[in-house]
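Chemist: Structure file upload-v7.cif (mmCIF, C-alpha atoms and all ligand atoms) right here:
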```cif
data_run
#
loop_
_atom_site.label_atom_id
_atom_site.label_comp_id
_atom_site.auth_asym_id
_atom_site.auth_seq_id
_atom_site.Cartn_x
_atom_site.Cartn_y
_atom_site.Cartn_z
CA MET A 1 3.65 43.61 -20.83
CA VAL A 2 2.49 41.46 -17.90
CA LYS A 3 -0.47 42.60 -15.84
CA ALA A 4 0.21 41.85 -12.16
CA LYS A 5 -2.10 42.01 -9.17
CA ARG A 6 -1.06 42.62 -5.59
CA PHE A 7 -2.60 43.46 -2.24
CA VAL A 8 -1.38 46.69 -0.67
CA VAL A 9 -1.64 47.44 3.05
CA VAL A 10 -3.69 50.63 3.33
CA LYS A 11 -4.37 50.42 7.07
CA HIS A 12 -2.59 48.51 9.82
CA PHE A 13 -4.70 45.69 11.25
CA GLN A 14 -6.44 46.44 14.50
CA ASN A 15 -7.80 43.42 16.35
CA ASP A 16 -9.49 41.27 13.66
CA PRO A 17 -8.20 42.17 10.15
CA LYS A 18 -10.81 43.84 7.91
CA PRO A 19 -11.08 43.61 4.12
CA SER A 20 -10.71 47.43 3.94
CA ASP A 21 -7.22 47.17 5.51
CA LEU A 22 -5.95 45.90 2.15
CA GLN A 23 -6.46 47.07 -1.42
CA LEU A 24 -6.14 44.95 -4.54
CA VAL A 25 -4.26 46.84 -7.25
CA GLU A 26 -3.37 45.95 -10.82
CA GLU A 27 -0.27 47.20 -12.58
CA GLU A 28 1.92 46.57 -15.59
CA LEU A 29 5.37 45.21 -14.85
CA PRO A 30 8.45 46.68 -16.58
CA VAL A 31 10.61 44.82 -19.11
CA LEU A 32 13.10 42.33 -17.57
CA GLN A 33 16.69 43.47 -17.09
CA ASN A 34 19.74 41.19 -17.31
CA GLY A 35 20.01 38.95 -14.24
CA GLU A 36 16.28 39.19 -13.48
CA PHE A 37 13.51 36.66 -13.92
CA LEU A 38 9.71 36.84 -13.84
CA VAL A 39 7.63 34.45 -11.76
CA GLN A 40 3.94 33.66 -11.57
CA ALA A 41 2.52 32.66 -8.19
CA GLU A 42 1.11 29.12 -7.99
CA TYR A 43 0.49 28.76 -4.25
CA LEU A 44 0.53 31.46 -1.60
CA SER A 45 0.80 30.81 2.10
CA VAL A 46 -1.43 32.39 4.72
CA ASP A 47 0.23 32.28 8.12
CA PRO A 48 -0.47 33.56 11.64
CA TYR A 49 2.76 35.65 11.74
CA MET A 50 1.38 37.90 8.97
CA ARG A 51 -1.17 39.23 11.45
CA VAL A 52 1.60 40.60 13.68
CA TYR A 53 4.54 41.18 11.34
CA THR A 54 2.62 43.43 8.93
CA GLN A 55 2.56 46.11 11.65
CA ARG A 56 6.34 46.40 11.34
CA TYR A 57 6.07 47.67 7.76
CA PRO A 58 4.89 51.10 6.59
CA ILE A 59 1.47 51.68 5.04
CA GLY A 60 1.66 51.19 1.28
CA VAL A 61 3.76 47.99 1.28
CA THR A 62 2.61 44.87 -0.50
CA MET A 63 1.00 42.51 2.03
CA ILE A 64 3.75 40.19 3.26
CA GLY A 65 3.96 36.44 2.73
CA SER A 66 5.68 33.60 0.92
CA GLN A 67 4.71 31.82 -2.24
CA VAL A 68 5.78 29.07 -4.55
CA ALA A 69 6.04 30.51 -8.03
CA LYS A 70 6.98 29.31 -11.50
CA ILE A 71 9.59 31.09 -13.59
CA ILE A 72 7.84 32.19 -16.79
CA GLU A 73 10.51 34.48 -18.27
CA SER A 74 14.19 34.74 -17.45
CA LYS A 75 17.33 36.70 -18.17
CA ASN A 76 19.33 34.65 -15.68
CA THR A 77 20.67 31.22 -16.63
CA GLU A 78 20.70 30.07 -12.98
CA PHE A 79 16.92 30.54 -12.87
CA PRO A 80 15.60 29.00 -16.09
CA VAL A 81 11.99 29.13 -17.32
CA GLY A 82 9.89 26.26 -15.96
CA LYS A 83 11.69 25.97 -12.58
CA ARG A 84 9.98 26.91 -9.35
CA ILE A 85 11.14 29.15 -6.56
CA ILE A 86 10.01 29.81 -3.01
CA GLY A 87 10.27 33.37 -1.83
CA HIS A 88 8.87 35.97 0.49
CA LEU A 89 7.45 37.94 -2.44
CA GLY A 90 4.24 39.07 -0.76
CA TRP A 91 0.67 38.79 -1.95
CA ARG A 92 1.37 39.23 -5.70
CA THR A 93 0.42 37.26 -8.78
CA HIS A 94 3.58 38.14 -10.71
CA THR A 95 6.96 39.35 -9.53
CA ILE A 96 10.19 40.39 -11.18
CA VAL A 97 13.01 39.04 -9.04
CA ASN A 98 16.63 40.11 -9.03
CA PRO A 99 18.21 37.31 -6.98
CA TYR A 100 21.25 39.45 -6.15
CA SER A 101 19.27 42.28 -4.55
CA SER A 102 17.89 42.21 -1.01
CA GLU A 103 14.41 43.39 -2.06
CA TYR A 104 12.71 40.11 -1.20
CA ASP A 105 14.96 38.98 1.67
CA PHE A 106 13.02 37.94 4.75
CA LEU A 107 14.85 37.32 8.03
CA GLY A 108 18.02 36.94 5.95
CA ILE A 109 16.54 34.43 3.49
CA LYS A 110 16.48 35.06 -0.26
CA PRO A 111 14.13 33.65 -2.91
CA ALA A 112 15.57 30.27 -3.97
CA LEU A 113 14.88 27.38 -6.32
CA VAL A 114 12.88 24.64 -4.61
CA PRO A 115 14.21 21.06 -4.40
CA ASP A 116 12.72 18.47 -6.73
CA ILE A 117 9.97 16.54 -4.90
CA LYS A 118 8.85 14.58 -7.97
CA ASP A 119 5.12 13.78 -7.94
CA LEU A 120 4.30 15.61 -4.73
CA SER A 121 2.48 18.92 -4.97
CA PRO A 122 4.70 22.05 -5.03
CA SER A 123 2.36 23.48 -2.38
CA LEU A 124 4.17 21.28 0.15
CA HIS A 125 7.14 23.67 0.02
CA LEU A 126 4.96 26.08 1.97
CA GLY A 127 3.80 23.50 4.51
CA VAL A 128 5.04 20.13 5.51
CA LEU A 129 8.29 20.58 3.50
CA GLY A 130 8.56 24.29 4.22
CA MET A 131 8.43 26.73 7.10
CA THR A 132 5.76 24.96 9.12
CA GLY A 133 7.39 21.54 8.66
CA SER A 134 10.77 22.88 9.75
CA SER A 135 9.21 24.63 12.75
CA ALA A 136 7.67 21.34 13.84
CA TYR A 137 10.89 19.39 13.29
CA PHE A 138 13.45 21.71 14.90
CA GLY A 139 11.14 23.17 17.55
CA LEU A 140 10.21 19.72 18.80
CA LEU A 141 13.59 18.01 18.51
CA ASP A 142 15.92 20.81 19.53
CA ILE A 143 13.84 22.54 22.16
CA CYS A 144 11.47 19.95 23.66
CA LYS A 145 14.17 17.26 23.36
CA PRO A 146 11.53 14.52 23.55
CA LYS A 147 12.31 11.03 24.84
CA GLN A 148 10.52 7.78 24.12
CA GLY A 149 7.77 7.09 26.63
CA GLU A 150 7.26 10.75 27.58
CA VAL A 151 4.01 12.70 27.31
CA LEU A 152 3.74 15.60 24.88
CA VAL A 153 0.95 18.15 24.63
CA VAL A 154 0.64 20.30 21.52
CA SER A 155 -1.79 23.21 21.19
CA GLY A 156 -3.06 24.51 17.85
CA ALA A 157 -3.02 20.81 17.06
CA GLY A 158 -5.42 20.97 14.11
CA GLY A 159 -3.20 23.38 12.20
CA ALA A 160 -0.09 23.01 10.07
CA VAL A 161 2.63 23.05 12.74
CA GLY A 162 0.60 21.36 15.48
CA SER A 163 -0.57 18.37 13.45
CA HIS A 164 3.00 17.83 12.26
CA VAL A 165 4.56 18.07 15.75
CA GLY A 166 2.19 15.44 17.13
CA GLN A 167 3.06 13.00 14.36
CA ILE A 168 6.83 13.38 14.83
CA ALA A 169 6.32 12.81 18.55
CA LYS A 170 4.39 9.61 17.77
CA ILE A 171 7.21 8.46 15.46
CA LEU A 172 9.58 8.99 18.41
CA GLY A 173 7.42 6.90 20.74
CA LEU A 174 5.76 9.55 22.90
CA ALA A 175 2.18 9.68 24.11
CA VAL A 176 0.60 12.66 22.34
CA ILE A 177 -2.28 14.88 23.39
CA GLY A 178 -3.54 17.55 20.97
CA ILE A 179 -5.60 20.61 21.89
CA THR A 180 -7.75 21.95 19.10
CA ASP A 181 -11.10 23.58 18.44
CA SER A 182 -13.60 21.15 16.93
CA ASP A 183 -14.88 17.63 17.03
CA GLU A 184 -13.93 17.16 13.37
CA LYS A 185 -10.30 18.13 14.07
CA CYS A 186 -10.19 15.92 17.21
CA LYS A 187 -11.38 12.93 15.16
CA TRP A 188 -8.77 13.63 12.47
CA LEU A 189 -5.97 13.81 15.05
CA VAL A 190 -6.90 10.59 16.84
CA GLU A 191 -8.37 8.42 14.09
CA GLU A 192 -6.08 9.36 11.20
CA LEU A 193 -2.89 10.85 12.64
CA GLY A 194 -2.60 8.48 15.60
CA PHE A 195 -2.69 11.02 18.45
CA ASP A 196 -3.53 9.30 21.74
CA TYR A 197 -5.99 11.92 22.88
CA ALA A 198 -7.48 15.17 21.57
CA VAL A 199 -9.21 17.93 23.53
CA ASP A 200 -11.73 20.35 22.03
CA TYR A 201 -10.99 23.49 24.03
CA LYS A 202 -14.20 25.16 22.85
CA THR A 203 -16.51 22.54 24.33
CA GLU A 204 -14.43 20.66 26.91
CA ASP A 205 -12.70 21.54 30.17
CA VAL A 206 -9.02 21.42 29.17
CA GLU A 207 -7.76 20.92 32.72
CA VAL A 208 -10.09 18.01 33.42
CA CYS A 209 -9.27 16.37 30.07
CA LEU A 210 -5.51 16.71 30.58
CA LYS A 211 -5.73 15.21 34.07
CA LYS A 212 -7.58 12.28 32.56
CA ALA A 213 -5.27 11.84 29.57
CA ALA A 214 -2.01 12.42 31.45
CA PRO A 215 -2.63 11.60 35.13
CA LYS A 216 1.11 11.57 35.91
CA GLY A 217 1.75 14.90 34.23
CA ILE A 218 3.26 16.29 31.03
CA ASP A 219 6.92 16.21 29.98
CA CYS A 220 6.90 18.34 26.82
CA TYR A 221 4.63 21.16 25.69
CA PHE A 222 4.78 22.52 22.16
CA ASP A 223 2.97 25.84 22.49
CA ASN A 224 1.34 27.36 19.41
CA VAL A 225 -1.34 29.42 21.11
CA GLY A 226 -0.21 30.97 24.42
CA GLY A 227 -2.80 32.45 26.79
CA GLU A 228 -5.05 30.54 29.14
CA ILE A 229 -4.71 27.17 27.40
CA SER A 230 -0.96 27.30 27.91
CA THR A 231 -1.26 28.28 31.55
CA ILE A 232 -3.45 25.24 32.15
CA VAL A 233 -0.93 22.96 30.40
CA ILE A 234 2.09 24.44 32.20
CA TYR A 235 0.44 23.87 35.58
CA GLN A 236 0.26 20.15 34.80
CA MET A 237 3.88 19.69 33.80
CA LYS A 238 6.27 17.33 35.53
CA ASN A 239 9.67 18.13 36.98
CA TYR A 240 12.17 19.14 34.29
CA GLY A 241 9.42 19.63 31.69
CA ARG A 242 10.38 21.43 28.47
CA ILE A 243 8.26 23.99 26.63
CA ALA A 244 8.86 25.10 23.04
CA ALA A 245 7.27 28.54 22.62
CA CYS A 246 6.47 28.50 18.91
CA GLY A 247 3.61 31.01 18.75
CA SER A 248 0.81 32.67 20.67
CA ILE A 249 -2.02 32.96 18.19
CA SER A 250 -4.64 33.44 20.93
CA ALA A 251 -3.22 36.94 21.43
CA TYR A 252 -2.47 38.01 17.85
CA SER A 253 -5.80 39.66 17.08
CA ALA A 254 -7.00 40.23 20.64
CA ASP A 255 -7.72 43.69 21.95
CA PRO A 256 -4.90 44.12 24.54
CA SER A 257 -7.39 45.40 27.12
CA SER A 258 -9.38 42.15 26.81
CA LEU A 259 -6.39 39.94 27.60
CA PRO A 260 -6.32 38.38 31.08
CA LYS A 261 -3.99 39.99 33.60
CA SER A 262 -0.80 37.99 34.01
CA THR A 263 -1.05 34.64 35.76
CA ILE A 264 1.82 33.89 38.10
CA LEU A 265 3.72 31.06 36.43
CA GLN A 266 7.03 31.49 38.23
CA PRO A 267 6.35 29.15 41.19
CA GLN A 268 5.47 26.39 38.77
CA PHE A 269 8.64 27.05 36.78
CA VAL A 270 10.85 27.18 39.84
CA PHE A 271 9.53 24.27 41.87
CA ASN A 272 9.14 21.97 38.86
CA ARG A 273 12.41 23.18 37.25
CA LEU A 274 10.62 23.82 33.93
CA LYS A 275 12.43 25.19 30.93
CA MET A 276 10.76 27.32 28.26
CA GLU A 277 12.51 28.45 25.10
CA SER A 278 11.20 30.36 22.12
CA PHE A 279 12.47 30.17 18.57
CA LEU A 280 12.16 31.53 15.07
CA VAL A 281 12.40 28.76 12.53
CA THR A 282 14.91 30.80 10.53
CA ASP A 283 17.35 30.15 13.40
CA TRP A 284 17.93 26.78 11.71
CA HIS A 285 18.36 28.14 8.20
CA ASP A 286 21.72 26.42 7.81
CA ARG A 287 20.14 23.05 8.72
CA TRP A 288 17.00 23.50 6.57
CA HIS A 289 17.95 20.64 4.26
CA GLU A 290 17.94 18.21 7.21
CA SER A 291 14.31 18.96 8.12
CA VAL A 292 13.11 18.81 4.51
CA GLN A 293 14.86 15.48 3.90
CA LYS A 294 13.60 13.93 7.12
CA ASN A 295 10.00 15.12 6.61
CA LEU A 296 10.12 13.90 3.00
CA GLN A 297 11.40 10.51 4.14
CA TRP A 298 8.57 10.20 6.69
CA ILE A 299 6.02 11.13 4.00
CA HIS A 300 7.39 8.42 1.68
CA GLU A 301 7.35 5.89 4.53
CA GLY A 302 3.70 6.73 5.23
CA LYS A 303 4.57 7.90 8.76
CA LEU A 304 3.79 11.57 8.20
CA LEU A 305 0.38 12.52 6.85
CA TYR A 306 -0.64 16.04 5.92
CA ARG A 307 -3.72 17.92 5.01
CA GLU A 308 -4.07 21.24 3.18
CA THR A 309 -6.98 23.65 3.20
CA ILE A 310 -6.68 25.26 -0.22
CA THR A 311 -8.69 28.34 -1.19
CA LYS A 312 -8.87 28.87 -4.93
CA GLY A 313 -8.27 32.28 -6.51
CA PHE A 314 -5.78 35.03 -5.71
CA GLU A 315 -8.64 37.47 -5.08
CA ASN A 316 -9.64 35.31 -2.08
CA MET A 317 -6.35 35.76 -0.19
CA PHE A 318 -7.97 37.85 2.52
CA ASP A 319 -10.76 35.34 3.19
CA ALA A 320 -8.23 32.51 3.40
CA PHE A 321 -6.08 34.55 5.80
CA VAL A 322 -8.94 35.42 8.14
CA GLY A 323 -10.36 31.90 7.90
CA MET A 324 -7.00 30.55 9.09
CA LEU A 325 -6.92 33.00 12.02
CA GLN A 326 -10.41 31.80 12.95
CA GLY A 327 -9.35 28.15 12.84
CA LYS A 328 -11.37 27.24 9.73
CA ASN A 329 -8.36 25.41 8.27
CA ILE A 330 -7.39 21.82 8.91
CA GLY A 331 -3.67 21.40 8.33
CA LYS A 332 -1.89 24.00 6.19
CA ALA A 333 -3.90 26.97 4.91
CA LEU A 334 -2.99 28.00 1.36
CA VAL A 335 -4.28 29.84 -1.66
CA GLN A 336 -3.97 28.49 -5.17
CA ALA A 337 -3.57 31.53 -7.42
P1 LIG B 401 -2.29 26.99 11.89
O1 LIG B 401 -2.38 26.15 10.68
O2 LIG B 401 -2.16 26.30 13.21
O3 LIG B 401 -3.53 27.97 11.86
C1 LIG B 401 -3.87 28.74 12.94
C2 LIG B 401 -4.60 27.88 14.01
O4 LIG B 401 -4.56 28.52 15.26
C3 LIG B 401 -6.09 27.70 13.76
O5 LIG B 401 -6.35 26.74 12.78
C4 LIG B 401 -6.55 27.28 15.14
O6 LIG B 401 -6.21 25.90 15.28
C5 LIG B 401 -5.61 28.03 16.07
N1 LIG B 401 -6.21 29.18 16.75
C6 LIG B 401 -6.70 30.31 16.21
N2 LIG B 401 -7.13 31.16 17.17
C7 LIG B 401 -6.91 30.53 18.34
C8 LIG B 401 -7.15 30.89 19.70
N3 LIG B 401 -7.70 32.06 20.04
N4 LIG B 401 -6.79 30.01 20.67
C9 LIG B 401 -6.25 28.82 20.35
N5 LIG B 401 -6.01 28.43 19.07
C10 LIG B 401 -6.33 29.28 18.08
O7 LIG B 401 -1.03 27.95 11.78
P2 LIG B 401 0.50 27.50 11.78
O8 LIG B 401 0.58 26.05 11.99
O9 LIG B 401 1.15 28.11 10.62
O10 LIG B 401 1.06 28.25 13.08
C11 LIG B 401 0.80 27.76 14.38
C12 LIG B 401 1.57 28.63 15.38
O11 LIG B 401 2.96 28.52 15.12
C13 LIG B 401 1.23 30.11 15.31
O12 LIG B 401 1.22 30.65 16.60
C14 LIG B 401 2.39 30.69 14.52
O13 LIG B 401 2.61 32.04 14.80
C15 LIG B 401 3.53 29.81 14.99
N6 LIG B 401 4.66 29.70 14.09
C16 LIG B 401 5.87 30.07 14.60
C17 LIG B 401 7.00 29.93 13.85
C18 LIG B 401 8.30 30.29 14.46
O14 LIG B 401 9.29 30.36 13.75
N7 LIG B 401 8.34 30.51 15.77
C19 LIG B 401 6.94 29.46 12.45
C20 LIG B 401 5.61 29.05 12.02
C21 LIG B 401 4.52 29.20 12.82
P3 LIG B 401 -7.00 24.87 16.22
O15 LIG B 401 -8.16 24.47 15.43
O16 LIG B 401 -6.11 23.71 16.47
O17 LIG B 401 -7.36 25.59 17.47
#
```
Go through the file and emit its structure as structure tokens.
Modeler:
Amino acid sequence: MVKAKRFVVVKHFQNDPKPSDLQLVEEELPVLQNGEFLVQAEYLSVDPYMRVYTQRYPIGVTMIGSQVAKIIESKNTEFPVGKRIIGHLGWRTHTIVNPYSSEYDFLGIKPALVPDIKDLSPSLHLGVLGMTGSSAYFGLLDICKPKQGEVLVVSGAGGAVGSHVGQIAKILGLAVIGITDSDEKCKWLVEELGFDYAVDYKTEDVEVCLKKAAPKGIDCYFDNVGGEISTIVIYQMKNYGRIAACGSISAYSADPSSLPKSTILQPQFVFNRLKMESFLVTDWHDRWHESVQKNLQWIHEGKLLYRETITKGFENMFDAFVGMLQGKNIGKALVQA
């Protein structure tokens, strides 16, 4: 009998998540049936969407999230022991998976074997070669449609998606400005990742900095944060500017009554003919392979660097999650079980 641990949602998050919203439980898993396999979590992802999506599920569910896990027992020849899968299995140490059921489907995606990435860490399937990497790739290329010589601004630039977007834009020959929340992250973006300019929105005036860094205006905005930062960026965009609305983390944990009343953006959109389009990365599920291959190629060529903030120990999932929401991560936030 395998002893498994999982976090159960006992209260929906309100504003900032609290440790008492989740409960760690231990249970024995049943014996495997034909067609099933048992996995052990190796790396678990902590992502901003968990803060909002959890509210869609009833109290009592396992806290949602994806993980890379190793098959440790199997009654399914397509999923042999020793192989790894990626799946939206939730915050669990061990899971029995029936690949033909829809139990662990998330936005239409089933648990699946991960591609072989040789010596690279399997954790990358959750970051630069996973959901965040594909968001950066498709969101930038398909929605911002960047052209060489243009100016791109990316917010949430110190995180997984943002740091990746800026590097692809540099590969494509754009001038890149990142907005992030600390001097350390600004230095990383400019000195190591090759961004042209980085703004610390906690200590600097974003509007003044953008006017200095992009005096002729901004062509593309990859928006990870929403709110006031985005309003400032949008008001400095050029004619025919394109905005990829990837996320709005500044609002995820905010008390709705504390949010600013709506700013009128329409004149800016109309007179500058701006275009804003949102996406869910799963929209490109049938092209997933393309983003993984391209990101992998750029890693091998030394053009795409990545950083991971790894918290050790499954019991520390909550701290890692909240730390990521507070911007304590640089690059992809993960837990090593
Ligand atoms: P990150 O690694 O970027 O971690 C979250 C980051 O958000 C923090 O590190 C911090 O970065 C920033 N942040 C936190 N609070 C605020 C705030 N109040 N104002 C501004 N910035 C804040 O997470 P991801 O890269 O995984 O996700 C980035 C965004 O992309 C999120 O909005 C997420 O929801 C979205 N997303 C959307 C997907 C889609 O399919 N549409 C798929 C994946 C992600 P910093 O230090 O730079 O400020």
Chemist: Neighbouring residues of stretch 302-318 of chain A were defined as those with any atom within 8 Å, considering all atoms listed in the file; residues of the same chain fewer than 4 positions away were excluded. Please report them as a PyMOL selection string.
Modeler: chain A and resi 19+24+46+91+93+128+163-164+167-168+171+193+295+298+322+329-337
Chemist: Can you pull out every residue with an atom within 8 Å of ligand LIG 401 (chain B)? Use only C-alpha atoms and all ligand atoms and format it as JSON, numbers by chain.
Modeler: {"A": [46, 47, 48, 49, 131, 132, 135, 155, 156, 157, 158, 159, 160, 161, 162, 163, 179, 180, 181, 182, 185, 201, 223, 224, 225, 226, 227, 229, 245, 246, 247, 248, 249, 250, 251, 278, 279, 280, 281, 282, 324, 325, 326, 327, 328, 329, 330, 331, 332, 333]}
Chemist: Could you tell me which of A:Val233, A:Cys186, A:Ile85, A:Ala136 comes closest to A:Asp116 if we count all atoms listed in the file?
Modeler: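 Among the listed residues, the smallest separation from A:Asp116 belongs to A:Ile85.
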Chemist: Quick one: pull the distance between atom CA of A:Phe195 and atom CA of A:Ile117, Å, one decimal.
Modeler: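 According to the coordinates, atom CA of A:Phe195 and atom CA of A:Ile117 are separated by 27.1 Å.
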Chemist: What is the distance, in Å and to one decimal place, between atom CA of A:Gly127 and atom CA of A:Ile109?
Modeler: 16.8 Å
Chemist: Of the candidates A:Pro58, A:Pro80, A:Gly139, A:Pro122, which one gets nearest to A:Ala244 if we count only C-alpha atoms?
Modeler: A:Gly139
Chemist: Leaving out A:Val153 and any residue of its chain fewer than 3 positions from it, which residues lie within 12 Å of it when counting all atoms listed in the file, given as a VMD selection string?
Modeler: chain A and resid 140 144 146 150 156 to 157 162 to 163 165 to 167 169 to 170 174 to 180 195 to 199 206 209 to 211 213 to 214 217 to 224 229 to 230 232 to 234 236 to 237 241 to 244
Chemist: Hey, could you patch up stretch 81-101 of chain A with N, CA and C atoms and hand it over as a PDB file, in the coordinates of the input?
Modeler:
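As a result, rebuild12.pdb now contains:
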```
ATOM      1  N   VAL A  81      13.450  29.226 -17.185  1.00  0.00           N
ATOM      2  CA  VAL A  81      11.990  29.130 -17.320  1.00  0.00           C
ATOM      3  C   VAL A  81      11.546  27.704 -17.007  1.00  0.00           C
ATOM      4  N   GLY A  82      10.438  27.576 -16.281  1.00  0.00           N
ATOM      5  CA  GLY A  82       9.890  26.260 -15.960  1.00  0.00           C
ATOM      6  C   GLY A  82      10.224  25.810 -14.547  1.00  0.00           C
ATOM      7  N   LYS A  83      11.327  26.335 -13.964  1.00  0.00           N
ATOM      8  CA  LYS A  83      11.690  25.970 -12.580  1.00  0.00           C
ATOM      9  C   LYS A  83      10.804  26.743 -11.605  1.00  0.00           C
ATOM     10  N   ARG A  84      10.780  26.239 -10.386  1.00  0.00           N
ATOM     11  CA  ARG A  84       9.980  26.910  -9.350  1.00  0.00           C
ATOM     12  C   ARG A  84      10.891  27.499  -8.279  1.00  0.00           C
ATOM     13  N   ILE A  85      10.423  28.589  -7.704  1.00  0.00           N
ATOM     14  CA  ILE A  85      11.140  29.150  -6.560  1.00  0.00           C
ATOM     15  C   ILE A  85      10.186  29.270  -5.371  1.00  0.00           C
ATOM     16  N   ILE A  86      10.786  29.402  -4.193  1.00  0.00           N
ATOM     17  CA  ILE A  86      10.010  29.810  -3.010  1.00  0.00           C
ATOM     18  C   ILE A  86      10.611  31.141  -2.575  1.00  0.00           C
ATOM     19  N   GLY A  87       9.748  32.070  -2.231  1.00  0.00           N
ATOM     20  CA  GLY A  87      10.270  33.370  -1.830  1.00  0.00           C
ATOM     21  C   GLY A  87       9.245  34.175  -1.066  1.00  0.00           C
ATOM     22  N   HIS A  88       9.742  35.092  -0.285  1.00  0.00           N
ATOM     23  CA  HIS A  88       8.870  35.970   0.490  1.00  0.00           C
ATOM     24  C   HIS A  88       8.529  37.176  -0.398  1.00  0.00           C
ATOM     25  N   LEU A  89       7.721  36.920  -1.427  1.00  0.00           N
ATOM     26  CA  LEU A  89       7.450  37.940  -2.440  1.00  0.00           C
ATOM     27  C   LEU A  89       6.214  38.771  -2.118  1.00  0.00           C
ATOM     28  N   GLY A  90       5.456  38.335  -1.119  1.00  0.00           N
ATOM     29  CA  GLY A  90       4.240  39.070  -0.760  1.00  0.00           C
ATOM     30  C   GLY A  90       3.040  38.561  -1.543  1.00  0.00           C
ATOM     31  N   TRP A  91       1.920  39.201  -1.299  1.00  0.00           N
ATOM     32  CA  TRP A  91       0.670  38.790  -1.950  1.00  0.00           C
ATOM     33  C   TRP A  91       0.635  39.392  -3.357  1.00  0.00           C
ATOM     34  N   ARG A  92       1.302  38.769  -4.302  1.00  0.00           N
ATOM     35  CA  ARG A  92       1.370  39.230  -5.700  1.00  0.00           C
ATOM     36  C   ARG A  92       1.155  38.043  -6.625  1.00  0.00           C
ATOM     37  N   THR A  93       0.558  38.334  -7.782  1.00  0.00           N
ATOM     38  CA  THR A  93       0.420  37.260  -8.780  1.00  0.00           C
ATOM     39  C   THR A  93       1.698  37.090  -9.586  1.00  0.00           C
ATOM     40  N   HIS A  94       2.365  38.187  -9.893  1.00  0.00           N
ATOM     41  CA  HIS A  94       3.580  38.140 -10.710  1.00  0.00           C
ATOM     42  C   HIS A  94       4.642  39.018 -10.066  1.00  0.00           C
ATOM     43  N   THR A  95       5.882  38.569 -10.158  1.00  0.00           N
ATOM     44  CA  THR A  95       6.960  39.350  -9.530  1.00  0.00           C
ATOM     45  C   THR A  95       8.211  39.269 -10.393  1.00  0.00           C
ATOM     46  N   ILE A  96       8.859  40.400 -10.565  1.00  0.00           N
ATOM     47  CA  ILE A  96      10.190  40.390 -11.180  1.00  0.00           C
ATOM     48  C   ILE A  96      11.197  40.289 -10.036  1.00  0.00           C
ATOM     49  N   VAL A  97      12.047  39.277 -10.128  1.00  0.00           N
ATOM     50  CA  VAL A  97      13.010  39.040  -9.040  1.00  0.00           C
ATOM     51  C   VAL A  97      14.426  39.244  -9.552  1.00  0.00           C
ATOM     52  N   ASN A  98      15.182  40.030  -8.810  1.00  0.00           N
ATOM     53  CA  ASN A  98      16.630  40.110  -9.030  1.00  0.00           C
ATOM     54  C   ASN A  98      17.264  39.361  -7.860  1.00  0.00           C
ATOM     55  N   PRO A  99      17.766  38.145  -8.099  1.00  0.00           N
ATOM     56  CA  PRO A  99      18.210  37.310  -6.980  1.00  0.00           C
ATOM     57  C   PRO A  99      19.417  37.880  -6.236  1.00  0.00           C
ATOM     58  N   TYR A 100      20.061  38.888  -6.806  1.00  0.00           N
ATOM     59  CA  TYR A 100      21.250  39.450  -6.150  1.00  0.00           C
ATOM     60  C   TYR A 100      20.895  40.669  -5.286  1.00  0.00           C
ATOM     61  N   SER A 101      19.652  41.130  -5.386  1.00  0.00           N
ATOM     62  CA  SER A 101      19.270  42.280  -4.550  1.00  0.00           C
ATOM     63  C   SER A 101      18.650  41.750  -3.253  1.00  0.00           C
TER      64      SER A 101
END
```
